[in-house]
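**Q** Next comes input03.cif, mmCIF, C-alpha atoms; chains and numbers go by the auth columns:
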data_structure
loop_
_atom_site.group_PDB
_atom_site.id
_atom_site.type_symbol
_atom_site.label_atom_id
_atom_site.label_comp_id
_atom_site.label_asym_id
_atom_site.label_seq_id
_atom_site.Cartn_x
_atom_site.Cartn_y
_atom_site.Cartn_z
_atom_site.B_iso_or_equiv
_atom_site.auth_seq_id
_atom_site.auth_asym_id
ATOM 1 C CA MET A 1 78.978 78.288 155.845 0.00 1 R
ATOM 2 C CA PHE A 2 82.137 78.048 153.845 0.00 2 R
ATOM 3 C CA PRO A 3 82.634 75.171 151.444 0.00 3 R
ATOM 4 C CA GLU A 4 85.987 73.571 152.070 0.00 4 R
ATOM 5 C CA GLU A 5 87.920 70.976 150.196 0.00 5 R
ATOM 6 C CA ILE A 6 86.316 67.616 150.884 0.00 6 R
ATOM 7 C CA ASP A 7 88.791 65.006 152.062 0.00 7 R
ATOM 8 C CA ASP A 8 88.624 61.213 152.274 0.00 8 R
ATOM 9 C CA ILE A 9 87.912 61.302 156.010 0.00 9 R
ATOM 10 C CA ASP A 10 84.851 63.498 155.478 0.00 10 R
ATOM 11 C CA LEU A 11 83.651 61.201 152.691 0.00 11 R
ATOM 12 C CA HIS A 12 84.146 58.104 154.847 0.00 12 R
ATOM 13 C CA TRP A 13 82.096 59.408 157.772 0.00 13 R
ATOM 14 C CA MET A 14 79.404 60.969 155.607 0.00 14 R
ATOM 15 C CA LYS A 15 78.951 57.619 153.852 0.00 15 R
ATOM 16 C CA LYS A 16 78.397 56.096 157.299 0.00 16 R
ATOM 17 C CA ALA A 17 75.846 58.823 158.103 0.00 17 R
ATOM 18 C CA CYS A 18 74.130 58.170 154.768 0.00 18 R
ATOM 19 C CA ASP A 19 73.953 54.437 155.567 0.00 19 R
ATOM 20 C CA LEU A 20 72.264 55.331 158.861 0.00 20 R
ATOM 21 C CA ALA A 21 69.813 57.576 156.990 0.00 21 R
ATOM 22 C CA LYS A 22 68.890 54.576 154.840 0.00 22 R
ATOM 23 C CA ILE A 23 68.038 52.630 158.011 0.00 23 R
ATOM 24 C CA ALA A 24 65.672 55.453 158.986 0.00 24 R
ATOM 25 C CA ALA A 25 64.004 55.256 155.566 0.00 25 R
ATOM 26 C CA VAL A 26 63.489 51.492 155.913 0.00 26 R
ATOM 27 C CA HIS A 27 61.607 52.241 159.151 0.00 27 R
ATOM 28 C CA GLU A 28 59.564 54.932 157.362 0.00 28 R
ATOM 29 C CA GLU A 29 61.307 57.719 159.263 0.00 29 R
ATOM 30 C CA VAL A 30 62.656 60.812 157.496 0.00 30 R
ATOM 31 C CA PRO A 31 66.036 59.569 156.210 0.00 31 R
ATOM 32 C CA VAL A 32 68.556 61.497 158.263 0.00 32 R
ATOM 33 C CA GLY A 33 71.701 59.983 159.751 0.00 33 R
ATOM 34 C CA ALA A 34 74.418 61.397 161.997 0.00 34 R
ATOM 35 C CA VAL A 35 77.847 60.258 163.156 0.00 35 R
ATOM 36 C CA LEU A 36 79.943 61.949 165.849 0.00 36 R
ATOM 37 C CA VAL A 37 83.704 61.458 165.583 0.00 37 R
ATOM 38 C CA ASN A 38 86.324 62.430 168.177 0.00 38 R
ATOM 39 C CA ALA A 39 89.715 64.063 167.513 0.00 39 R
ATOM 40 C CA ASP A 40 91.330 60.601 167.285 0.00 40 R
ATOM 41 C CA GLY A 41 89.057 59.697 164.361 0.00 41 R
ATOM 42 C CA GLN A 42 86.907 57.276 166.356 0.00 42 R
ATOM 43 C CA CYS A 43 83.116 57.142 166.125 0.00 43 R
ATOM 44 C CA VAL A 44 81.776 57.975 169.591 0.00 44 R
ATOM 45 C CA GLY A 45 78.090 58.351 168.725 0.00 45 R
ATOM 46 C CA GLU A 46 75.673 57.701 165.895 0.00 46 R
ATOM 47 C CA GLY A 47 71.981 57.837 165.172 0.00 47 R
ATOM 48 C CA TRP A 48 69.214 57.949 162.637 0.00 48 R
ATOM 49 C CA ASN A 49 65.843 59.641 162.837 0.00 49 R
ATOM 50 C CA GLN A 50 63.457 57.742 165.126 0.00 50 R
ATOM 51 C CA PRO A 51 60.803 60.167 166.410 0.00 51 R
ATOM 52 C CA ILE A 52 57.910 58.113 165.030 0.00 52 R
ATOM 53 C CA SER A 53 59.087 54.662 166.113 0.00 53 R
ATOM 54 C CA ALA A 54 60.327 55.922 169.495 0.00 54 R
ATOM 55 C CA ASP A 55 57.281 58.141 170.133 0.00 55 R
ATOM 56 C CA ASP A 56 59.813 60.850 170.934 0.00 56 R
ATOM 57 C CA PRO A 57 59.796 64.219 169.169 0.00 57 R
ATOM 58 C CA THR A 58 63.442 64.715 170.185 0.00 58 R
ATOM 59 C CA ALA A 59 64.700 61.446 168.656 0.00 59 R
ATOM 60 C CA HIS A 60 66.430 63.136 165.726 0.00 60 R
ATOM 61 C CA ALA A 61 69.608 61.580 164.348 0.00 61 R
ATOM 62 C CA GLU A 62 71.816 64.336 165.759 0.00 62 R
ATOM 63 C CA ILE A 63 70.316 64.133 169.252 0.00 63 R
ATOM 64 C CA LEU A 64 70.746 60.345 169.345 0.00 64 R
ATOM 65 C CA ALA A 65 74.389 60.666 168.221 0.00 65 R
ATOM 66 C CA LEU A 66 75.060 63.319 170.882 0.00 66 R
ATOM 67 C CA ARG A 67 73.355 61.245 173.594 0.00 67 R
ATOM 68 C CA GLY A 68 75.339 58.149 172.669 0.00 68 R
ATOM 69 C CA ALA A 69 78.626 60.032 172.693 0.00 69 R
ATOM 70 C CA ALA A 70 77.876 61.768 175.991 0.00 70 R
ATOM 71 C CA LYS A 71 77.160 58.404 177.634 0.00 71 R
ATOM 72 C CA GLN A 72 80.247 56.769 176.118 0.00 72 R
ATOM 73 C CA LEU A 73 82.524 59.646 177.113 0.00 73 R
ATOM 74 C CA ASN A 74 80.789 60.305 180.459 0.00 74 R
ATOM 75 C CA ASN A 75 80.557 63.987 179.619 0.00 75 R
ATOM 76 C CA TYR A 76 77.775 66.218 178.365 0.00 76 R
ATOM 77 C CA ARG A 77 80.407 68.414 176.706 0.00 77 R
ATOM 78 C CA LEU A 78 81.812 67.027 173.466 0.00 78 R
ATOM 79 C CA PRO A 79 84.685 69.343 172.518 0.00 79 R
ATOM 80 C CA ASP A 80 87.042 68.467 169.685 0.00 80 R
ATOM 81 C CA THR A 81 84.384 66.379 167.948 0.00 81 R
ATOM 82 C CA SER A 82 82.996 66.485 164.420 0.00 82 R
ATOM 83 C CA LEU A 83 79.369 65.719 163.644 0.00 83 R
ATOM 84 C CA TYR A 84 78.505 64.371 160.187 0.00 84 R
ATOM 85 C CA ILE A 85 74.849 64.932 159.292 0.00 85 R
ATOM 86 C CA THR A 86 73.000 64.090 156.093 0.00 86 R
ATOM 87 C CA LEU A 87 70.623 67.073 156.469 0.00 87 R
ATOM 88 C CA GLU A 88 71.187 70.530 157.936 0.00 88 R
ATOM 89 C CA PRO A 89 70.101 70.462 161.587 0.00 89 R
ATOM 90 C CA CYS A 90 66.812 71.912 162.809 0.00 90 R
ATOM 91 C CA PRO A 91 66.766 74.554 165.587 0.00 91 R
ATOM 92 C CA MET A 92 66.461 71.931 168.342 0.00 92 R
ATOM 93 C CA CYS A 93 69.429 69.934 167.091 0.00 93 R
ATOM 94 C CA ALA A 94 71.513 73.037 166.388 0.00 94 R
ATOM 95 C CA GLY A 95 70.916 74.194 169.954 0.00 95 R
ATOM 96 C CA ALA A 96 72.017 70.818 171.305 0.00 96 R
ATOM 97 C CA ILE A 97 75.132 70.897 169.105 0.00 97 R
ATOM 98 C CA VAL A 98 76.084 74.317 170.484 0.00 98 R
ATOM 99 C CA HIS A 99 75.424 73.273 174.098 0.00 99 R
ATOM 100 C CA ALA A 100 77.535 70.134 173.615 0.00 100 R
ATOM 101 C CA ARG A 101 80.390 72.309 172.303 0.00 101 R
ATOM 102 C CA VAL A 102 80.823 70.269 169.115 0.00 102 R
ATOM 103 C CA LYS A 103 83.750 71.742 167.194 0.00 103 R
ATOM 104 C CA ARG A 104 82.748 71.037 163.607 0.00 104 R
ATOM 105 C CA VAL A 105 79.583 70.063 161.727 0.00 105 R
ATOM 106 C CA ILE A 106 79.733 68.547 158.260 0.00 106 R
ATOM 107 C CA ILE A 107 76.435 68.663 156.373 0.00 107 R
ATOM 108 C CA ALA A 108 75.514 66.814 153.201 0.00 108 R
ATOM 109 C CA THR A 109 72.465 68.797 152.114 0.00 109 R
ATOM 110 C CA LEU A 110 70.895 72.030 153.269 0.00 110 R
ATOM 111 C CA ASP A 111 67.321 72.381 154.533 0.00 111 R
ATOM 112 C CA PRO A 112 65.572 75.459 153.111 0.00 112 R
ATOM 113 C CA ARG A 113 62.620 75.038 155.512 0.00 113 R
ATOM 114 C CA THR A 114 64.150 74.662 158.973 0.00 114 R
ATOM 115 C CA GLY A 115 67.919 74.654 158.454 0.00 115 R
ATOM 116 C CA SER A 116 69.737 76.174 161.395 0.00 116 R
ATOM 117 C CA ALA A 117 73.304 76.259 160.112 0.00 117 R
ATOM 118 C CA GLY A 118 72.684 79.271 157.897 0.00 118 R
ATOM 119 C CA SER A 119 69.836 78.377 155.528 0.00 119 R
ATOM 120 C CA VAL A 120 66.948 79.764 157.599 0.00 120 R
ATOM 121 C CA PHE A 121 68.528 80.344 161.007 0.00 121 R
ATOM 122 C CA ASN A 122 72.189 80.521 161.964 0.00 122 R
ATOM 123 C CA ILE A 123 72.202 79.030 165.434 0.00 123 R
ATOM 124 C CA LEU A 124 75.549 77.282 164.959 0.00 124 R
ATOM 125 C CA ASN A 125 77.293 80.628 164.514 0.00 125 R
ATOM 126 C CA SER A 126 75.035 83.026 166.346 0.00 126 R
ATOM 127 C CA PRO A 127 76.872 85.984 167.890 0.00 127 R
ATOM 128 C CA HIS A 128 74.372 85.748 170.767 0.00 128 R
ATOM 129 C CA LEU A 129 75.634 82.357 171.937 0.00 129 R
ATOM 130 C CA ASN A 130 78.887 81.504 173.695 0.00 130 R
ATOM 131 C CA HIS A 131 80.064 78.822 171.255 0.00 131 R
ATOM 132 C CA ARG A 132 80.546 78.795 167.487 0.00 132 R
ATOM 133 C CA VAL A 133 80.722 75.719 165.281 0.00 133 R
ATOM 134 C CA THR A 134 82.788 75.359 162.117 0.00 134 R
ATOM 135 C CA VAL A 135 80.423 74.303 159.314 0.00 135 R
ATOM 136 C CA THR A 136 81.250 72.454 156.084 0.00 136 R
ATOM 137 C CA THR A 137 78.515 71.716 153.556 0.00 137 R
ATOM 138 C CA GLY A 138 78.059 69.685 150.397 0.00 138 R
ATOM 139 C CA VAL A 139 79.769 66.412 151.366 0.00 139 R
ATOM 140 C CA LEU A 140 77.847 63.694 149.457 0.00 140 R
ATOM 141 C CA GLN A 141 75.154 66.305 148.805 0.00 141 R
ATOM 142 C CA GLN A 142 73.689 64.632 145.730 0.00 142 R
ATOM 143 C CA GLU A 143 73.365 61.175 147.292 0.00 143 R
ATOM 144 C CA CYS A 144 71.802 62.424 150.535 0.00 144 R
ATOM 145 C CA SER A 145 69.503 64.888 148.770 0.00 145 R
ATOM 146 C CA SER A 146 68.326 62.152 146.419 0.00 146 R
ATOM 147 C CA LEU A 147 67.558 59.885 149.380 0.00 147 R
ATOM 148 C CA LEU A 148 65.349 62.576 150.923 0.00 148 R
ATOM 149 C CA LYS A 149 63.603 63.436 147.646 0.00 149 R
ATOM 150 C CA THR A 150 62.863 59.784 146.902 0.00 150 R
ATOM 151 C CA PHE A 151 61.538 59.237 150.424 0.00 151 R
ATOM 152 C CA PHE A 152 59.081 62.152 150.223 0.00 152 R
ATOM 153 C CA LEU A 153 58.070 61.298 146.645 0.00 153 R
ATOM 154 C CA ASN A 154 57.202 57.755 147.742 0.00 154 R
ATOM 155 C CA LYS A 155 55.346 59.094 150.782 0.00 155 R
ATOM 156 C CA ARG A 156 53.229 61.344 148.563 0.00 156 R
ATOM 157 C CA LYS A 157 52.478 58.441 146.214 0.00 157 R
ATOM 158 C CA LYS A 158 51.171 56.399 149.157 0.00 158 R
ATOM 159 C CA LEU A 159 48.790 59.243 150.029 0.00 159 R
ATOM 160 C CA ASP A 160 47.310 59.315 146.521 0.00 160 R
#
Output the file's structure as structure tokens, nothing else.
**A**
Amino acid sequence: MFPEEIDDIDLHWMKKACDLAKIAAVHEEVPVGAVLVNADGQCVGEGWNQPISADDPTAHAEILALRGAAKQLNNYRLPDTSLYITLEPCPMCAGAIVHARVKRVIIATLDPRTGSAGSVFNILNSPHLNHRVTVTTGVLQQECSSLLKTFFLNKRKKLD
């Protein structure tokens, strides 16, 4: 993970991912959003967390964005794409990102519990796999981190 200079394009797409994360929160899902953009700068897939509402443990934002893009592009390989994610991907999502051959992943906030882009695991750049992903972190970190913290704080309050 190497922080790079954040440009307006990265901010634009991460704001879109953050808006999708807010939709997840409204549906009482963990607020994570993802947007997949092709080399021409077009959104080809997007998603927000839906495992609870979809009764699907694989319905993470990243997986839904990858599925949507694969259908739209008629290809399970998604080379020359960039995936904007509000939270560092879990091992399942990181594996799917590698298998899809995504070129670049841009992450708002890291996940110290299950992060698989270097925080806990480093699946996106594992020397044991046949594809490596360029990773940028910290784009809209404060906004996306605050969204997650507020969500879990409110969830804990409901349990009290």
**Q** Output the residue selection produced by the PyMOL selection byres ((chain R and resi 95) around 12) on the file above, formatted as a PDB file with C-alpha atoms, in the frame of the given file.
**A**
ATOM      1  CA  GLU R  62      71.816  64.336 165.759  1.00  0.00           C
ATOM      2  CA  ILE R  63      70.316  64.133 169.252  1.00  0.00           C
ATOM      3  CA  LEU R  66      75.060  63.319 170.882  1.00  0.00           C
ATOM      4  CA  PRO R  89      70.101  70.462 161.587  1.00  0.00           C
ATOM      5  CA  CYS R  90      66.812  71.912 162.809  1.00  0.00           C
ATOM      6  CA  PRO R  91      66.766  74.554 165.587  1.00  0.00           C
ATOM      7  CA  MET R  92      66.461  71.931 168.342  1.00  0.00           C
ATOM      8  CA  CYS R  93      69.429  69.934 167.091  1.00  0.00           C
ATOM      9  CA  ALA R  94      71.513  73.037 166.388  1.00  0.00           C
ATOM     10  CA  ALA R  96      72.017  70.818 171.305  1.00  0.00           C
ATOM     11  CA  ILE R  97      75.132  70.897 169.105  1.00  0.00           C
ATOM     12  CA  VAL R  98      76.084  74.317 170.484  1.00  0.00           C
ATOM     13  CA  HIS R  99      75.424  73.273 174.098  1.00  0.00           C
ATOM     14  CA  ALA R 100      77.535  70.134 173.615  1.00  0.00           C
ATOM     15  CA  ARG R 101      80.390  72.309 172.303  1.00  0.00           C
ATOM     16  CA  VAL R 102      80.823  70.269 169.115  1.00  0.00           C
ATOM     17  CA  GLY R 115      67.919  74.654 158.454  1.00  0.00           C
ATOM     18  CA  SER R 116      69.737  76.174 161.395  1.00  0.00           C
ATOM     19  CA  ALA R 117      73.304  76.259 160.112  1.00  0.00           C
ATOM     20  CA  PHE R 121      68.528  80.344 161.007  1.00  0.00           C
ATOM     21  CA  ASN R 122      72.189  80.521 161.964  1.00  0.00           C
ATOM     22  CA  ILE R 123      72.202  79.030 165.434  1.00  0.00           C
ATOM     23  CA  LEU R 124      75.549  77.282 164.959  1.00  0.00           C
ATOM     24  CA  ASN R 125      77.293  80.628 164.514  1.00  0.00           C
ATOM     25  CA  SER R 126      75.035  83.026 166.346  1.00  0.00           C
ATOM     26  CA  LEU R 129      75.634  82.357 171.937  1.00  0.00           C
ATOM     27  CA  ASN R 130      78.887  81.504 173.695  1.00  0.00           C
ATOM     28  CA  HIS R 131      80.064  78.822 171.255  1.00  0.00           C
ATOM     29  CA  ARG R 132      80.546  78.795 167.487  1.00  0.00           C
ATOM     30  CA  VAL R 133      80.722  75.719 165.281  1.00  0.00           C
TER      31      VAL R 133
END
**Q** Rank nothing, just name the residue among R:Leu83, R:Ala59, R:Leu159, R:Leu147 nearest to Gln42 (chain R), using all atoms listed in the file.
**A**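 Residue with the minimum atom-to-atom distance to Gln42 (chain R): R:Leu83.
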**Q** Would you work out the distance separating CA of Cys144 (chain R) from CA of Ile52 (chain R), expressed in Å to one decimal?
**A**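 Computed distance, CA of Cys144 (chain R) to CA of Ile52 (chain R), equals 20.5 Å.
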**Q** Can you write out as JSON lines which residues of region 15-79 of chain R fall within 12 Å of region 84-87 of chain R, alongside each residue's closest atom pair and its distance in Å to one decimal, counting all atoms listed in the file and ordering rows by chain and ascending residue number?
**A**
{"residue": "R:Lys15", "atom": "CA", "partner": "R:Thr86", "partner_atom": "CA", "distance": 9.1}
{"residue": "R:Lys16", "atom": "CA", "partner": "R:Tyr84", "partner_atom": "CA", "distance": 8.8}
{"residue": "R:Ala17", "atom": "CA", "partner": "R:Ile85", "partner_atom": "CA", "distance": 6.3}
{"residue": "R:Cys18", "atom": "CA", "partner": "R:Thr86", "partner_atom": "CA", "distance": 6.2}
{"residue": "R:Asp19", "atom": "CA", "partner": "R:Thr86", "partner_atom": "CA", "distance": 9.7}
{"residue": "R:Leu20", "atom": "CA", "partner": "R:Thr86", "partner_atom": "CA", "distance": 9.2}
{"residue": "R:Ala21", "atom": "CA", "partner": "R:Thr86", "partner_atom": "CA", "distance": 7.3}
{"residue": "R:Lys22", "atom": "CA", "partner": "R:Thr86", "partner_atom": "CA", "distance": 10.4}
{"residue": "R:Ala24", "atom": "CA", "partner": "R:Thr86", "partner_atom": "CA", "distance": 11.7}
{"residue": "R:Val30", "atom": "CA", "partner": "R:Leu87", "partner_atom": "CA", "distance": 10.2}
{"residue": "R:Pro31", "atom": "CA", "partner": "R:Thr86", "partner_atom": "CA", "distance": 8.3}
{"residue": "R:Val32", "atom": "CA", "partner": "R:Thr86", "partner_atom": "CA", "distance": 5.6}
{"residue": "R:Gly33", "atom": "CA", "partner": "R:Thr86", "partner_atom": "CA", "distance": 5.7}
{"residue": "R:Ala34", "atom": "CA", "partner": "R:Ile85", "partner_atom": "CA", "distance": 4.5}
{"residue": "R:Val35", "atom": "CA", "partner": "R:Tyr84", "partner_atom": "CA", "distance": 5.1}
{"residue": "R:Leu36", "atom": "CA", "partner": "R:Tyr84", "partner_atom": "CA", "distance": 6.3}
{"residue": "R:Val37", "atom": "CA", "partner": "R:Tyr84", "partner_atom": "CA", "distance": 8.0}
{"residue": "R:Asn38", "atom": "CA", "partner": "R:Tyr84", "partner_atom": "CA", "distance": 11.3}
{"residue": "R:Cys43", "atom": "CA", "partner": "R:Tyr84", "partner_atom": "CA", "distance": 10.4}
{"residue": "R:Val44", "atom": "CA", "partner": "R:Tyr84", "partner_atom": "CA", "distance": 11.8}
{"residue": "R:Gly45", "atom": "CA", "partner": "R:Tyr84", "partner_atom": "CA", "distance": 10.5}
{"residue": "R:Glu46", "atom": "CA", "partner": "R:Tyr84", "partner_atom": "CA", "distance": 9.2}
{"residue": "R:Gly47", "atom": "CA", "partner": "R:Ile85", "partner_atom": "CA", "distance": 9.7}
{"residue": "R:Trp48", "atom": "CA", "partner": "R:Ile85", "partner_atom": "CA", "distance": 9.6}
{"residue": "R:Asn49", "atom": "CA", "partner": "R:Thr86", "partner_atom": "CA", "distance": 10.8}
{"residue": "R:His60", "atom": "CA", "partner": "R:Ile85", "partner_atom": "CA", "distance": 10.7}
{"residue": "R:Ala61", "atom": "CA", "partner": "R:Ile85", "partner_atom": "CA", "distance": 8.0}
{"residue": "R:Glu62", "atom": "CA", "partner": "R:Ile85", "partner_atom": "CA", "distance": 7.2}
{"residue": "R:Ile63", "atom": "CA", "partner": "R:Ile85", "partner_atom": "CA", "distance": 11.0}
{"residue": "R:Leu64", "atom": "CA", "partner": "R:Ile85", "partner_atom": "CA", "distance": 11.8}
{"residue": "R:Ala65", "atom": "CA", "partner": "R:Tyr84", "partner_atom": "CA", "distance": 9.8}
{"residue": "R:Leu66", "atom": "CA", "partner": "R:Tyr84", "partner_atom": "CA", "distance": 11.3}
**Q** Mind working out the centre and edge lengths of an axis-aligned box for region 66-84 of chain R, all listed atoms inside, 6 Å added to each side, rounded to one decimal in Å and written as JSON?
**A**
{"center_x": 80.2, "center_y": 63.1, "center_z": 170.3, "size_x": 25.7, "size_y": 24.6, "size_z": 32.3}
**Q** Need the shell around Gly138 (chain R): protein/DNA/RNA residues with any atom at most 12 Å away, counting all atoms listed in the file. Skip same-chain ones fewer than 2 positions apart. Format as a PyMOL selection string?
**A** chain R and resi 1-7+10-11+14+84-88+105-111+135-136+140-145
**Q** Next, the residues of the selection above should be written as a PDB file, in the coordinates of the input with C-alpha atoms.
**A**
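Okay, out.pdb is ready:
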ATOM      1  CA  MET R   1      78.978  78.288 155.845  1.00  0.00           C
ATOM      2  CA  PHE R   2      82.137  78.048 153.845  1.00  0.00           C
ATOM      3  CA  PRO R   3      82.634  75.171 151.444  1.00  0.00           C
ATOM      4  CA  GLU R   4      85.987  73.571 152.070  1.00  0.00           C
ATOM      5  CA  GLU R   5      87.920  70.976 150.196  1.00  0.00           C
ATOM      6  CA  ILE R   6      86.316  67.616 150.884  1.00  0.00           C
ATOM      7  CA  ASP R   7      88.791  65.006 152.062  1.00  0.00           C
ATOM      8  CA  ASP R  10      84.851  63.498 155.478  1.00  0.00           C
ATOM      9  CA  LEU R  11      83.651  61.201 152.691  1.00  0.00           C
ATOM     10  CA  MET R  14      79.404  60.969 155.607  1.00  0.00           C
ATOM     11  CA  TYR R  84      78.505  64.371 160.187  1.00  0.00           C
ATOM     12  CA  ILE R  85      74.849  64.932 159.292  1.00  0.00           C
ATOM     13  CA  THR R  86      73.000  64.090 156.093  1.00  0.00           C
ATOM     14  CA  LEU R  87      70.623  67.073 156.469  1.00  0.00           C
ATOM     15  CA  GLU R  88      71.187  70.530 157.936  1.00  0.00           C
ATOM     16  CA  VAL R 105      79.583  70.063 161.727  1.00  0.00           C
ATOM     17  CA  ILE R 106      79.733  68.547 158.260  1.00  0.00           C
ATOM     18  CA  ILE R 107      76.435  68.663 156.373  1.00  0.00           C
ATOM     19  CA  ALA R 108      75.514  66.814 153.201  1.00  0.00           C
ATOM     20  CA  THR R 109      72.465  68.797 152.114  1.00  0.00           C
ATOM     21  CA  LEU R 110      70.895  72.030 153.269  1.00  0.00           C
ATOM     22  CA  ASP R 111      67.321  72.381 154.533  1.00  0.00           C
ATOM     23  CA  VAL R 135      80.423  74.303 159.314  1.00  0.00           C
ATOM     24  CA  THR R 136      81.250  72.454 156.084  1.00  0.00           C
ATOM     25  CA  LEU R 140      77.847  63.694 149.457  1.00  0.00           C
ATOM     26  CA  GLN R 141      75.154  66.305 148.805  1.00  0.00           C
ATOM     27  CA  GLN R 142      73.689  64.632 145.730  1.00  0.00           C
ATOM     28  CA  GLU R 143      73.365  61.175 147.292  1.00  0.00           C
ATOM     29  CA  CYS R 144      71.802  62.424 150.535  1.00  0.00           C
ATOM     30  CA  SER R 145      69.503  64.888 148.770  1.00  0.00           C
TER      31      SER R 145
END
**Q** Please indicate the distance in Å from CA of Ser119 (chain R) to CA of Ala70 (chain R), rounded to one decimal place.
**A**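 Between these atoms lies a distance of 27.6 Å.
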**Q** Tell me, in Å to one decimal, how far CA of Thr114 (chain R) is from CA of His12 (chain R).
**A**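 Answer for the CA of Thr114 (chain R) to CA of His12 (chain R) separation: 26.3 Å.
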